[in-house]
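A short write-up of the structure that comes next.
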Amino acid sequence: MHIQIINFHLKGMSPSEYGQLCDQLAPSFAELPGLVGKYWLADEGANTFGGVYLWEDRKAMEGFTKTDLFRSVATHPKLADIASRDFSVME
């Protein structure tokens, strides 16, 4: 297993608009090869949002970073200060 945590700030988008975007993107995330689960994160007070991704392995996570879906999130004009960290899961 492998964990990826992505955080960002909203820029010119309300939390409810972001929620609508999440609803639209959820089916695409559900189809990602090797994705075991995704948990959407929100801290409205700190304007910090993102997701925790549980991958079958690091290779699956790396594959995600090469997809159009990843690029669309990474270059979205209303998401700022995007950070991604990944972690091995201790057995």
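Chain labels follow the order of the structure tokens: the first chain is A, the next B, and so on; residue numbering restarts at 1 in every chain, and ligands are counted from 1 in their shown order.
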Q. DSSP on the backbone: what in segment 35-67 of chain A comes out strand (DSSP E), as a count of residues only?
A. 17
Q: List the neighbours of Ala42 of chain A out to 12 Å using only C-alpha atoms; skip same-chain residues closer than 4 positions along the sequence, and give me the result as a ChimeraX atom specification.
A: /A:6-10,14-16,18-19,22,46-52
Using all heavy atoms, can you export the residues from the last selection as a short mmCIF file (atom, residue, chain, number, x, y, z; two decimals), in the first residue's frame?
data_model
loop_
_atom_site.label_atom_id
_atom_site.label_comp_id
_atom_site.auth_asym_id
_atom_site.auth_seq_id
_atom_site.Cartn_x
_atom_site.Cartn_y
_atom_site.Cartn_z
N ILE A 6 -2.68 15.20 -1.05
CA ILE A 6 -2.62 16.41 -1.87
C ILE A 6 -3.42 17.50 -1.16
O ILE A 6 -4.55 17.26 -0.74
CB ILE A 6 -3.18 16.16 -3.28
CG1 ILE A 6 -2.33 15.11 -4.00
CG2 ILE A 6 -3.25 17.46 -4.07
CD1 ILE A 6 -2.82 14.73 -5.37
N ASN A 7 -2.81 18.68 -1.00
CA ASN A 7 -3.47 19.83 -0.39
C ASN A 7 -3.34 21.04 -1.31
O ASN A 7 -2.37 21.16 -2.05
CB ASN A 7 -2.84 20.19 0.96
CG ASN A 7 -3.06 19.14 1.99
OD1 ASN A 7 -2.10 18.49 2.40
ND2 ASN A 7 -4.27 18.94 2.43
N PHE A 8 -4.31 21.94 -1.20
CA PHE A 8 -4.27 23.18 -1.97
C PHE A 8 -5.24 24.17 -1.35
O PHE A 8 -6.02 23.82 -0.45
CB PHE A 8 -4.64 22.94 -3.44
CG PHE A 8 -5.85 22.08 -3.63
CD1 PHE A 8 -7.13 22.61 -3.55
CD2 PHE A 8 -5.71 20.73 -3.88
CE1 PHE A 8 -8.24 21.81 -3.71
CE2 PHE A 8 -6.82 19.91 -4.04
CZ PHE A 8 -8.09 20.46 -3.96
N HIS A 9 -5.18 25.41 -1.83
CA HIS A 9 -6.09 26.46 -1.41
C HIS A 9 -7.01 26.78 -2.59
O HIS A 9 -6.60 26.69 -3.75
CB HIS A 9 -5.32 27.72 -1.00
CG HIS A 9 -4.40 27.47 0.15
ND1 HIS A 9 -3.04 27.57 0.04
CD2 HIS A 9 -4.66 27.14 1.43
CE1 HIS A 9 -2.49 27.30 1.20
NE2 HIS A 9 -3.46 27.03 2.06
N LEU A 10 -8.23 27.17 -2.27
CA LEU A 10 -9.16 27.62 -3.31
C LEU A 10 -8.87 29.08 -3.62
O LEU A 10 -8.61 29.88 -2.72
CB LEU A 10 -10.61 27.47 -2.85
CG LEU A 10 -11.06 26.06 -2.46
CD1 LEU A 10 -12.54 26.08 -2.08
CD2 LEU A 10 -10.80 25.06 -3.57
N SER A 14 -15.79 29.14 -4.29
CA SER A 14 -16.35 28.91 -2.95
C SER A 14 -16.26 27.42 -2.60
O SER A 14 -16.15 26.57 -3.49
CB SER A 14 -17.81 29.35 -2.91
OG SER A 14 -18.61 28.45 -3.66
N PRO A 15 -16.32 27.09 -1.31
CA PRO A 15 -16.34 25.68 -0.93
C PRO A 15 -17.49 24.91 -1.57
O PRO A 15 -17.32 23.74 -1.94
CB PRO A 15 -16.46 25.73 0.59
CG PRO A 15 -15.77 27.00 0.97
CD PRO A 15 -16.17 27.96 -0.13
N SER A 16 -18.65 25.53 -1.73
CA SER A 16 -19.77 24.80 -2.35
C SER A 16 -19.50 24.56 -3.84
O SER A 16 -19.84 23.50 -4.37
CB SER A 16 -21.10 25.52 -2.14
OG SER A 16 -21.14 26.73 -2.86
N TYR A 18 -16.52 24.17 -5.06
CA TYR A 18 -15.53 23.10 -5.03
C TYR A 18 -16.21 21.75 -4.81
O TYR A 18 -15.87 20.76 -5.47
CB TYR A 18 -14.48 23.36 -3.95
CG TYR A 18 -13.53 22.22 -3.76
CD1 TYR A 18 -12.63 21.88 -4.77
CD2 TYR A 18 -13.54 21.46 -2.61
CE1 TYR A 18 -11.77 20.81 -4.62
CE2 TYR A 18 -12.68 20.39 -2.45
CZ TYR A 18 -11.80 20.07 -3.46
OH TYR A 18 -10.95 19.00 -3.31
N GLY A 19 -17.21 21.72 -3.94
CA GLY A 19 -17.96 20.48 -3.71
C GLY A 19 -18.63 19.98 -4.97
O GLY A 19 -18.65 18.77 -5.24
N CYS A 22 -15.99 18.40 -7.09
CA CYS A 22 -15.67 17.07 -6.55
C CYS A 22 -16.69 16.04 -7.00
O CYS A 22 -16.32 14.92 -7.40
CB CYS A 22 -15.60 17.11 -5.02
SG CYS A 22 -14.25 18.10 -4.36
N ALA A 46 -9.23 27.42 7.19
CA ALA A 46 -7.86 27.64 6.72
C ALA A 46 -7.77 27.66 5.20
O ALA A 46 -6.67 27.75 4.65
CB ALA A 46 -6.95 26.55 7.28
N ASN A 47 -8.93 27.55 4.54
CA ASN A 47 -8.98 27.49 3.08
C ASN A 47 -8.02 26.43 2.54
O ASN A 47 -7.26 26.65 1.61
CB ASN A 47 -8.68 28.85 2.44
CG ASN A 47 -8.90 28.84 0.93
OD1 ASN A 47 -9.74 28.11 0.41
ND2 ASN A 47 -8.13 29.64 0.22
N THR A 48 -8.05 25.27 3.18
CA THR A 48 -7.19 24.16 2.77
C THR A 48 -8.08 22.97 2.43
O THR A 48 -8.92 22.56 3.24
CB THR A 48 -6.20 23.78 3.88
OG1 THR A 48 -5.42 24.95 4.18
CG2 THR A 48 -5.29 22.66 3.44
N PHE A 49 -7.88 22.45 1.24
CA PHE A 49 -8.68 21.34 0.74
C PHE A 49 -7.74 20.32 0.11
O PHE A 49 -6.55 20.57 -0.03
CB PHE A 49 -9.70 21.85 -0.29
CG PHE A 49 -10.68 22.83 0.29
CD1 PHE A 49 -10.34 24.17 0.44
CD2 PHE A 49 -11.92 22.40 0.72
CE1 PHE A 49 -11.23 25.08 0.99
CE2 PHE A 49 -12.81 23.29 1.28
CZ PHE A 49 -12.47 24.63 1.42
N GLY A 50 -8.27 19.18 -0.28
CA GLY A 50 -7.43 18.20 -0.94
C GLY A 50 -7.98 16.80 -0.79
O GLY A 50 -9.18 16.60 -0.67
N GLY A 51 -7.05 15.85 -0.78
CA GLY A 51 -7.46 14.47 -0.69
C GLY A 51 -6.37 13.57 -0.16
O GLY A 51 -5.18 13.88 -0.27
N VAL A 52 -6.79 12.48 0.43
CA VAL A 52 -5.90 11.40 0.85
C VAL A 52 -6.24 10.22 -0.05
O VAL A 52 -7.40 9.81 -0.14
CB VAL A 52 -6.10 11.02 2.34
CG1 VAL A 52 -5.24 9.82 2.71
CG2 VAL A 52 -5.80 12.20 3.23
#
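Compared by their closest atoms to Leu32 of chain A, and using only C-alpha atoms, the residues A:Thr75, A:Thr65, A:Gln20, A:Ser88 rank with A:Thr65 nearest.
Computed from the coordinates, the atom CA of Pro77 of chain A to atom CA of Gly45 of chain A distance equals 20.9 Å.
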